[in-house]
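Structure file final-v5.cif with mmCIF, C-alpha atoms and all ligand atoms:
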data_model
#
loop_
_atom_site.label_atom_id
_atom_site.label_comp_id
_atom_site.auth_asym_id
_atom_site.auth_seq_id
_atom_site.Cartn_x
_atom_site.Cartn_y
_atom_site.Cartn_z
CA MET A 1 17.06 -24.24 -41.14
CA ARG A 2 20.11 -26.10 -42.30
CA LYS A 3 22.46 -27.78 -39.89
CA PRO A 4 25.47 -25.70 -38.91
CA LEU A 5 28.44 -26.22 -41.13
CA TYR A 6 31.83 -24.62 -40.93
CA VAL A 7 33.16 -22.40 -43.67
CA ILE A 8 36.76 -22.86 -44.71
CA GLY A 9 38.13 -19.37 -44.20
CA LEU A 10 41.74 -20.04 -45.04
CA ALA A 11 43.27 -22.84 -47.05
CA ILE A 12 46.04 -23.12 -44.49
CA LEU A 13 43.56 -24.48 -41.97
CA ILE A 14 43.35 -27.69 -43.93
CA ASN A 15 46.97 -28.44 -43.23
CA SER A 16 47.41 -26.87 -39.81
CA CYS A 17 44.28 -28.09 -38.02
CA ALA A 18 44.02 -31.74 -38.89
CA SER A 19 42.20 -32.88 -35.78
CA THR A 20 38.72 -34.19 -36.29
CA LYS A 21 38.04 -34.43 -32.59
CA PRO A 22 34.67 -32.82 -31.90
CA VAL A 23 34.90 -29.63 -29.87
CA LYS A 24 33.36 -29.63 -26.45
CA GLN A 25 31.04 -26.69 -26.37
CA SER A 26 30.01 -24.51 -23.49
CA SER A 27 26.53 -25.06 -22.17
CA THR A 28 25.36 -21.81 -23.76
CA ASN A 29 25.86 -22.90 -27.35
CA THR A 30 25.78 -26.67 -27.22
CA LYS A 31 22.76 -26.94 -29.45
CA THR A 32 23.95 -24.73 -32.26
CA ASN A 33 27.51 -25.96 -32.40
CA GLN A 34 27.27 -29.69 -31.81
CA PRO A 35 28.45 -31.70 -34.80
CA THR A 36 25.92 -34.15 -36.21
CA LYS A 37 26.14 -37.68 -34.91
CA THR A 38 26.88 -39.15 -38.29
CA ALA A 39 29.79 -36.75 -38.79
CA THR A 40 31.41 -37.47 -35.44
CA PRO A 41 34.20 -40.04 -35.62
CA LYS A 42 34.05 -42.63 -32.83
CA THR A 43 37.81 -42.99 -32.63
CA PRO A 44 40.48 -40.32 -33.10
CA GLN A 45 41.63 -39.98 -36.68
CA PRO A 46 45.31 -40.21 -37.60
CA ALA A 47 46.97 -36.79 -37.54
CA ALA A 48 47.42 -36.77 -41.31
CA ALA A 49 43.77 -37.50 -42.08
CA LYS A 50 41.94 -34.60 -43.66
CA PRO A 51 38.58 -33.64 -42.23
CA THR A 52 35.56 -34.22 -44.42
CA ILE A 53 34.66 -31.26 -46.57
CA LYS A 54 31.35 -30.55 -48.26
CA SER A 55 30.48 -28.02 -50.94
CA GLU A 56 27.27 -26.05 -50.80
CA SER A 57 26.24 -23.01 -52.86
CA GLY A 58 29.79 -22.53 -54.08
CA TYR A 59 31.34 -22.60 -50.60
CA ASP A 60 33.34 -25.37 -49.01
CA PHE A 61 32.44 -26.39 -45.49
CA TYR A 62 33.89 -28.67 -42.91
CA LYS A 63 31.26 -31.10 -41.71
CA VAL A 64 32.59 -30.96 -38.17
CA ASN A 65 34.30 -28.22 -36.22
CA ILE A 66 37.98 -28.91 -36.82
CA ALA A 67 39.30 -26.83 -33.92
CA ASP A 68 40.95 -28.78 -31.12
CA ALA A 69 39.38 -27.79 -27.84
CA SER A 70 42.25 -29.29 -25.88
CA LYS A 71 44.56 -26.65 -27.34
CA ASN A 72 42.42 -23.60 -26.79
CA ASP A 73 39.99 -24.20 -24.01
CA ASN A 74 40.00 -20.45 -23.41
CA THR A 75 37.19 -20.16 -25.88
CA ILE A 76 34.97 -22.69 -24.25
CA SER A 77 35.62 -21.52 -20.76
CA TYR A 78 34.61 -18.59 -18.74
CA GLY A 79 32.52 -15.52 -18.72
CA SER A 80 30.41 -14.00 -21.37
CA ILE A 81 31.23 -13.88 -25.04
CA VAL A 82 30.85 -10.22 -25.91
CA SER A 83 29.91 -9.76 -29.56
CA ALA A 84 29.12 -6.92 -31.89
CA ASN A 85 25.53 -6.23 -32.95
CA PRO A 86 26.03 -4.57 -36.35
CA ASN A 87 22.97 -2.89 -37.79
CA GLY A 88 21.42 -5.15 -40.46
CA TYR A 89 23.85 -8.04 -39.93
CA LYS A 90 24.16 -11.04 -37.71
CA VAL A 91 27.32 -12.10 -35.92
CA VAL A 92 27.50 -15.88 -36.22
CA LYS A 93 28.59 -17.50 -32.99
CA SER A 94 28.99 -21.05 -34.29
CA PHE A 95 32.56 -20.20 -35.07
CA PHE A 96 35.97 -21.77 -35.27
CA PRO A 97 37.64 -20.98 -31.99
CA ALA A 98 41.13 -19.84 -32.99
CA VAL A 99 44.10 -21.61 -31.47
CA ALA A 100 46.04 -18.34 -31.45
CA GLN A 101 44.48 -16.58 -28.49
CA ASN A 102 44.99 -16.02 -24.81
CA PHE A 103 43.48 -14.08 -21.99
CA ARG A 104 44.15 -10.39 -21.62
CA GLN A 105 44.21 -10.89 -17.84
CA LYS A 106 47.82 -11.85 -17.03
CA TYR A 107 48.28 -10.43 -13.54
CA ILE A 108 46.55 -10.12 -10.19
CA ILE A 109 47.70 -7.10 -8.21
CA LEU A 110 46.91 -6.73 -4.50
CA HIS A 111 46.54 -3.41 -2.69
CA TYR A 112 45.35 -1.89 0.52
CA THR A 113 43.17 1.18 0.42
CA ALA A 114 44.63 3.13 3.39
CA LEU A 115 41.02 4.19 4.01
CA ASP A 116 38.05 2.87 5.98
CA ASP A 117 35.20 0.95 4.33
CA ASP A 118 32.98 3.89 3.41
CA LYS A 119 35.78 6.08 2.10
CA SER A 120 37.24 3.14 0.14
CA VAL A 121 33.93 2.64 -1.67
CA THR A 122 33.55 6.37 -2.34
CA VAL A 123 37.07 6.89 -3.66
CA LEU A 124 37.20 3.72 -5.75
CA THR A 125 33.82 4.31 -7.38
CA GLN A 126 33.65 8.11 -7.67
CA GLN A 127 37.20 9.25 -8.33
CA SER A 128 39.98 8.64 -10.84
CA VAL A 129 41.19 5.43 -9.21
CA SER A 130 39.37 2.10 -9.15
CA SER A 131 39.85 -1.64 -8.79
CA HIS A 132 38.01 -4.68 -10.05
CA TYR A 133 37.30 -5.95 -6.55
CA LEU A 134 37.15 -4.46 -3.08
CA VAL A 135 37.49 -6.66 0.00
CA ASN A 136 35.80 -4.89 2.89
CA SER A 137 36.74 -5.18 6.54
CA HIS A 138 33.56 -7.00 7.61
CA SER A 139 33.32 -10.66 8.56
CA ASP A 140 30.46 -11.19 6.12
CA ARG A 141 30.34 -13.17 2.87
CA GLU A 142 30.51 -10.21 0.50
CA ILE A 143 33.22 -9.07 -1.86
CA TYR A 144 32.39 -5.98 -3.93
CA GLN A 145 32.94 -5.90 -7.69
CA LEU A 146 33.47 -2.37 -9.01
CA VAL A 147 34.70 -3.04 -12.56
CA ASP A 148 33.98 -5.83 -15.05
CA GLU A 149 36.95 -8.22 -15.36
CA ASN A 150 37.11 -7.61 -19.12
CA LYS A 151 37.55 -3.88 -18.61
CA ARG A 152 40.51 -1.98 -17.22
CA SER A 153 40.44 -0.54 -13.75
CA TYR A 154 42.87 2.19 -12.69
CA HIS A 155 44.80 0.71 -9.82
CA ALA A 156 48.39 0.07 -10.89
CA GLY A 157 49.62 3.38 -12.35
CA VAL A 158 53.16 3.49 -13.72
CA SER A 159 54.26 -0.08 -13.20
CA SER A 160 56.33 -2.95 -14.55
CA TRP A 161 57.15 -6.62 -14.02
CA ARG A 162 59.57 -8.62 -16.15
CA ASN A 163 58.89 -7.53 -19.75
CA ASP A 164 55.48 -5.97 -19.09
CA THR A 165 54.71 -2.34 -18.30
CA SER A 166 51.52 -0.34 -17.58
CA LEU A 167 49.93 -3.28 -15.83
CA ASN A 168 46.45 -1.74 -15.72
CA ASP A 169 46.14 -3.13 -19.25
CA THR A 170 46.72 -6.73 -18.26
CA SER A 171 45.75 -7.10 -14.62
CA ILE A 172 42.90 -7.63 -12.23
CA GLY A 173 43.21 -5.24 -9.29
CA ILE A 174 42.06 -6.16 -5.79
CA GLU A 175 41.87 -3.52 -3.07
CA ILE A 176 41.70 -4.58 0.58
CA VAL A 177 40.38 -2.23 3.25
CA ASN A 178 43.25 -1.56 5.64
CA ALA A 179 44.43 1.61 7.37
CA GLY A 180 47.91 1.58 5.80
CA TYR A 181 51.18 2.46 7.52
CA LYS A 182 52.03 5.18 10.02
CA VAL A 183 55.57 6.41 10.59
CA ASP A 184 56.70 6.17 14.25
CA SER A 185 58.95 8.64 16.08
CA SER A 186 62.12 6.91 14.84
CA GLY A 187 60.99 7.02 11.21
CA ILE A 188 60.00 3.33 10.97
CA LYS A 189 56.88 2.48 8.95
CA ILE A 190 54.39 0.61 11.15
CA PHE A 191 51.79 -1.42 9.27
CA PRO A 192 48.47 -2.64 10.72
CA GLU A 193 47.45 -6.31 10.55
CA PHE A 194 44.80 -7.64 8.17
CA ASP A 195 41.84 -9.45 9.70
CA ASN A 196 41.91 -13.17 9.07
CA HIS A 197 38.42 -13.08 7.52
CA GLN A 198 39.77 -10.60 4.96
CA ILE A 199 42.64 -12.92 4.13
CA LYS A 200 40.16 -15.77 3.63
CA LYS A 201 38.15 -13.63 1.23
CA VAL A 202 41.30 -12.62 -0.66
CA GLY A 203 42.49 -16.24 -0.80
CA ALA A 204 39.23 -17.52 -2.27
CA LEU A 205 38.96 -14.60 -4.69
CA VAL A 206 42.54 -14.77 -6.00
CA LYS A 207 42.33 -18.54 -6.33
CA ASP A 208 39.17 -18.25 -8.41
CA ILE A 209 40.60 -15.57 -10.71
CA ALA A 210 44.00 -17.25 -11.10
CA ASP A 211 42.38 -20.58 -11.98
CA ARG A 212 40.03 -19.08 -14.57
CA TYR A 213 42.69 -17.08 -16.40
CA MET A 214 45.55 -19.52 -15.78
CA ILE A 215 47.62 -16.78 -14.14
CA PRO A 216 51.05 -18.11 -13.10
CA PRO A 217 52.42 -17.68 -9.54
CA THR A 218 55.01 -15.17 -10.79
CA ASN A 219 52.21 -12.81 -11.86
CA ILE A 220 50.35 -12.60 -8.55
CA LEU A 221 51.94 -9.58 -6.99
CA ALA A 222 51.84 -6.67 -4.58
CA HIS A 223 51.41 -3.12 -5.82
CA SER A 224 54.83 -2.52 -4.20
CA ASP A 225 56.36 -5.23 -6.42
CA ILE A 226 55.32 -3.52 -9.64
CA ALA A 227 55.92 0.07 -8.46
CA PRO A 228 58.57 -0.27 -5.71
CA THR A 229 59.76 3.35 -5.76
CA ARG A 230 56.22 4.68 -5.25
CA LYS A 231 54.16 2.13 -3.36
CA GLN A 232 54.23 0.08 -0.13
CA ASP A 233 50.89 -1.74 -0.31
CA PRO A 234 49.68 -4.22 0.75
CA GLY A 235 52.80 -4.13 2.95
CA PRO A 236 54.68 -6.61 5.16
CA LYS A 237 51.62 -7.69 7.19
CA PHE A 238 50.01 -9.18 4.12
CA PRO A 239 50.55 -12.95 4.60
CA TRP A 240 51.92 -14.16 1.26
CA LYS A 241 53.34 -17.30 2.87
CA GLN A 242 49.95 -18.23 4.32
CA LEU A 243 48.24 -17.73 0.95
CA TYR A 244 50.91 -19.82 -0.77
CA GLU A 245 50.46 -22.64 1.76
CA ASP A 246 46.68 -22.54 2.16
CA TYR A 247 45.59 -21.62 -1.37
CA GLN A 248 48.63 -22.31 -3.59
CA ILE A 249 48.63 -18.64 -4.52
CA GLY A 250 51.67 -16.74 -5.74
CA MET A 251 55.39 -17.34 -5.19
CA TRP A 252 57.20 -18.61 -2.12
CA TYR A 253 60.68 -20.07 -1.71
CA ASP A 254 61.55 -23.56 -0.49
CA ALA A 255 63.16 -23.21 2.96
CA PRO A 256 65.84 -25.93 2.44
CA VAL A 257 66.96 -24.25 -0.80
CA LYS A 258 67.19 -20.91 0.98
CA ASP A 259 69.19 -22.54 3.79
CA GLY A 260 71.51 -24.04 1.19
CA PHE A 261 72.26 -20.61 -0.29
CA LEU A 262 72.64 -19.14 3.20
CA SER A 263 75.22 -21.76 4.17
CA GLN A 264 77.45 -20.83 1.22
CA THR A 265 78.80 -17.83 3.10
CA THR A 266 79.63 -16.83 6.67
CA PRO A 267 78.26 -13.65 8.26
CA GLU A 268 81.81 -12.24 8.23
CA ASN A 269 82.36 -12.95 4.54
CA PHE A 270 78.93 -11.60 3.66
CA ALA A 271 79.63 -8.38 5.58
CA MET A 272 82.93 -7.99 3.72
CA GLN A 273 81.40 -8.38 0.26
CA SER A 274 78.13 -6.57 0.88
CA GLY A 275 79.50 -3.12 0.02
CA ASN A 276 81.42 -3.97 -3.13
CA SER A 277 79.99 -2.92 -6.45
CA GLU A 278 80.33 -6.35 -8.02
CA PHE A 279 78.04 -7.84 -5.38
CA ILE A 280 75.61 -4.91 -5.60
CA TYR A 281 75.49 -5.36 -9.36
CA SER A 282 74.78 -9.09 -9.01
CA TYR A 283 71.86 -8.66 -6.58
CA GLN A 284 70.43 -5.84 -8.69
CA LEU A 285 70.50 -8.22 -11.65
CA ALA A 286 68.87 -10.92 -9.51
CA LEU A 287 66.06 -8.56 -8.47
CA LYS A 288 65.57 -7.65 -12.12
CA LYS A 289 65.57 -11.33 -13.09
CA LEU A 290 62.83 -12.08 -10.56
CA GLY A 291 60.77 -9.29 -12.14
CA TYR A 292 61.46 -5.95 -10.47
CA GLY A 293 61.89 -2.96 -12.76
CA LEU A 294 65.37 -2.05 -11.51
CA GLU A 295 68.42 -1.07 -13.53
CA ALA A 296 71.69 -2.66 -12.41
CA SER A 297 74.28 0.05 -11.70
CA GLY A 298 76.57 -1.41 -9.04
CA ARG A 299 75.56 1.44 -6.74
CA VAL A 300 73.02 1.40 -3.90
CA ASP A 301 70.78 4.23 -4.99
CA ASP A 302 67.29 5.17 -3.78
CA ALA A 303 65.56 2.90 -6.31
CA THR A 304 67.69 -0.05 -5.20
CA LYS A 305 66.88 0.51 -1.50
CA LYS A 306 63.17 0.83 -2.21
CA THR A 307 63.19 -2.27 -4.42
CA ILE A 308 64.91 -4.29 -1.68
CA GLU A 309 62.31 -2.96 0.77
CA ALA A 310 59.48 -4.05 -1.55
CA PHE A 311 61.13 -7.45 -1.93
CA GLN A 312 61.31 -7.76 1.86
CA TYR A 313 57.66 -6.74 2.33
CA HIS A 314 56.75 -9.68 0.15
CA PHE A 315 59.31 -12.36 0.94
CA ARG A 316 61.06 -11.48 4.24
CA PRO A 317 58.54 -9.36 6.14
CA GLU A 318 60.19 -9.67 9.58
CA ASN A 319 62.72 -6.98 8.64
CA TYR A 320 62.11 -4.52 5.80
CA ASP A 321 64.98 -2.08 6.22
CA GLY A 322 65.87 -2.01 2.52
CA VAL A 323 69.32 -3.53 3.09
CA MET A 324 70.33 -6.65 1.14
CA ASP A 325 71.34 -8.84 4.08
CA ALA A 326 72.45 -12.46 3.86
CA GLU A 327 68.98 -13.91 4.40
CA SER A 328 67.31 -11.66 1.82
CA TRP A 329 70.04 -12.58 -0.67
CA ALA A 330 69.54 -16.31 -0.01
CA ILE A 331 65.76 -15.96 -0.43
CA LEU A 332 66.19 -14.02 -3.67
CA GLN A 333 68.46 -16.73 -5.09
CA ALA A 334 66.08 -19.49 -3.99
CA LEU A 335 63.16 -17.70 -5.70
CA ASN A 336 65.09 -17.20 -8.93
CA GLN A 337 66.03 -20.85 -8.97
CA LYS A 338 62.39 -21.88 -8.52
CA TYR A 339 60.70 -19.27 -10.71
CA ALA A 340 63.12 -18.77 -13.58
CA ALA A 341 61.91 -16.20 -16.10
CA LYS A 342 60.53 -17.86 -19.19
ZN ZN A 401 47.95 0.14 -4.44
#

How does this structure look as structure tokens?
Amino acid sequence: MRKPLYVIGLAILINSCASTKPVKQSSTNTKTNQPTKTATPKTPQPAAAKPTIKSESGYDFYKVNIADASKNDNTISYGSIVSANPNGYKVVKSFFPAVAQNFRQKYIILHYTALDDDKSVTVLTQQSVSSHYLVNSHSDREIYQLVDENKRSYHAGVSSWRNDTSLNDTSIGIEIVNAGYKVDSSGIKIFPEFDNHQIKKVGALVKDIADRYMIPPTNILAHSDIAPTRKQDPGPKFPWKQLYEDYQIGMWYDAPVKDGFLSQTTPENFAMQSGNSEFIYSYQLALKKLGYGLEASGRVDDATKKTIEAFQYHFRPENYDGVMDAESWAILQALNQKYAAK
């Protein structure tokens, strides 16, 4: 069997992929893809140097893999490589990993089930909703996987964040067993606490997923963030601040920056401006800039109230009355300053 060589598929590759640095291969295909010792340069070649090409049976080959692993380590990283198995043909896996690629998994969305453990498993495995992972209520070491990470699970529904919609396509969904809210006699939603062992499971799980797919803090979100008019989960008892501090997960504001914004106005001045349409318009725009799917109208409509409530569940959980008060406004500005949309 001849040594693996690399077919030149496109002439443009000669000019655009000048690196002769050998590609680090995953442990699964090290043997088949490793360049020969004689073909491996000991020192990096100048950028303009062309890689060595060899002709064989009328085809031109590179003698080493010209792809630059440092630019697309997605290929050499995680999980299985799922390939076709066409009848009568062989899919060759000693390939050029393309630079132009990324992960499909861009978001992690957190939920609570509003059901107990048994019902959560039944509903999420037997009905029309599902999630990739289910964190049970037990203080054991188990986290259930219900759907392969490369497949879609049906957890987000109609949803949006920044320029993305229908986030089932691009997210990993995590359901946490929790009873969900009850409405008290005065109409206030009362949410139950999460057990700390659940939060530890969620922290470790989200950290692992975010690291593997390089998911940015702005894309680790509550179901209520991406569907604020429909959803409340995982609610204000979910400890986003703790996860940010203990696991570097998701977004959180810097307290001194928030205090700086807060000090720019007095309670009296804030109360005076809070009802005017110019101010309403500006905080609607700020919510939209952070990521919420809200249209700026200058009027406090139902969608605006629910979006503020969702924002407060996540970032100011002590009071989630859906009113843009001075502290919520300062936190929103501090977040936008830190996590500007790219
Ligand atoms: Zn949900």

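Minimum atom-to-atom distance to ligand ZN 401 (chain A), evaluated using all atoms listed in the file, belongs to A:Tyr154 out of A:Tyr154, A:Phe311, A:Tyr89, A:Tyr144.
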
Q: Using only C-alpha atoms and all ligand atoms, determine which residues fall within 6 Å of ligand ZN 401 (chain A), then list them as a list in words.
A: His111, Tyr112, His223 and Asp233 of chain A

(Q) Here is a test: counting all atoms listed in the file, which residue of A:Ile190, A:Leu205, A:Ala210, A:Ile331 is nearest to A:Gly260? (A) A:Ile331

**Q.** Between atom CA of A:Leu262 and atom CA of A:Leu335, distance in Å (one decimal)
**A.** 13.1 Å

Q) Between A:Ser277, A:Ser153, A:Thr165, A:Gln333, which has the minimum distance to A:Ser128 (counting only C-alpha atoms)? A) A:Ser153

Q) Hey, what's within 8 Å of A:Ile215 if we count all atoms listed in the file and toss same-chain stuff fewer than 4 positions away? As a list in words, please? A)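 Counting only the stated atoms, we get Gln105, Lys106, Tyr107, Ile108, Ile209, Ala210, Asp211, Asn219 and Ile220 of chain A.
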
How would the residues just picked look written out with C-alpha atoms as an mmCIF file, in the frame of the given file?
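Listing of part-v9.cif after writing:
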data_model
loop_
_atom_site.group_PDB
_atom_site.id
_atom_site.type_symbol
_atom_site.label_atom_id
_atom_site.label_comp_id
_atom_site.auth_asym_id
_atom_site.auth_seq_id
_atom_site.Cartn_x
_atom_site.Cartn_y
_atom_site.Cartn_z
ATOM 1 C CA GLN A 105 44.210 -10.890 -17.840
ATOM 2 C CA LYS A 106 47.820 -11.850 -17.030
ATOM 3 C CA TYR A 107 48.280 -10.430 -13.540
ATOM 4 C CA ILE A 108 46.550 -10.120 -10.190
ATOM 5 C CA ILE A 209 40.600 -15.570 -10.710
ATOM 6 C CA ALA A 210 44.000 -17.250 -11.100
ATOM 7 C CA ASP A 211 42.380 -20.580 -11.980
ATOM 8 C CA ASN A 219 52.210 -12.810 -11.860
ATOM 9 C CA ILE A 220 50.350 -12.600 -8.550
#

Q: Quick one: pull the distance between atom CA of A:Asp117 and atom CA of A:Glu175, Å, one decimal.
A: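 Separation of atom CA of A:Asp117 and atom CA of A:Glu175: 10.9 Å.
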
**Q.** Residue nearest A:Asp302 among A:Val323, A:Ala286, A:Ile143, A:Leu221 (counting only C-alpha atoms)
**A.** A:Val323

Q) Using all atoms listed in the file, which residues sit within 12 Å of A:Asp301 once same-chain residues fewer than 2 positions away are excluded, as JSON, numbers by chain? A) {"A": [229, 277, 280, 281, 284, 294, 295, 296, 297, 298, 299, 303, 304, 305, 306, 307, 308, 322, 323]}

Q: Enter the distance from atom CA of A:Phe279 to atom CA of A:Phe261, in Å, rounded to one decimal.
A: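 Interatomic distance, atom CA of A:Phe279 to atom CA of A:Phe261: 14.9 Å.
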
Q | Which of A:Gln264, A:Gln312, A:Ser139, A:Ser83 sits closest to A:Lys200 [using only C-alpha atoms] | A |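 Residue with the minimum atom-to-atom distance to A:Lys200: A:Ser139.
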
Q: Would you please work out which residue, of A:Ala114, A:Arg104, A:Val129, A:Asn87, is nearest to A:Lys151 when using all atoms listed in the file?
A: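 Going through A:Ala114, A:Arg104, A:Val129, A:Asn87 one by one, the smallest distance to A:Lys151 is for A:Arg104.
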
Q: Using all atoms listed in the file, determine which residues lie at most 12 Å from A:Glu149, disregarding the query and same-chain residues fewer than 4 positions distant; provide the list as number ranges by chain.
A: A: 78-80, 103-108, 131-133, 145, 153, 168-174, 209, 212-213
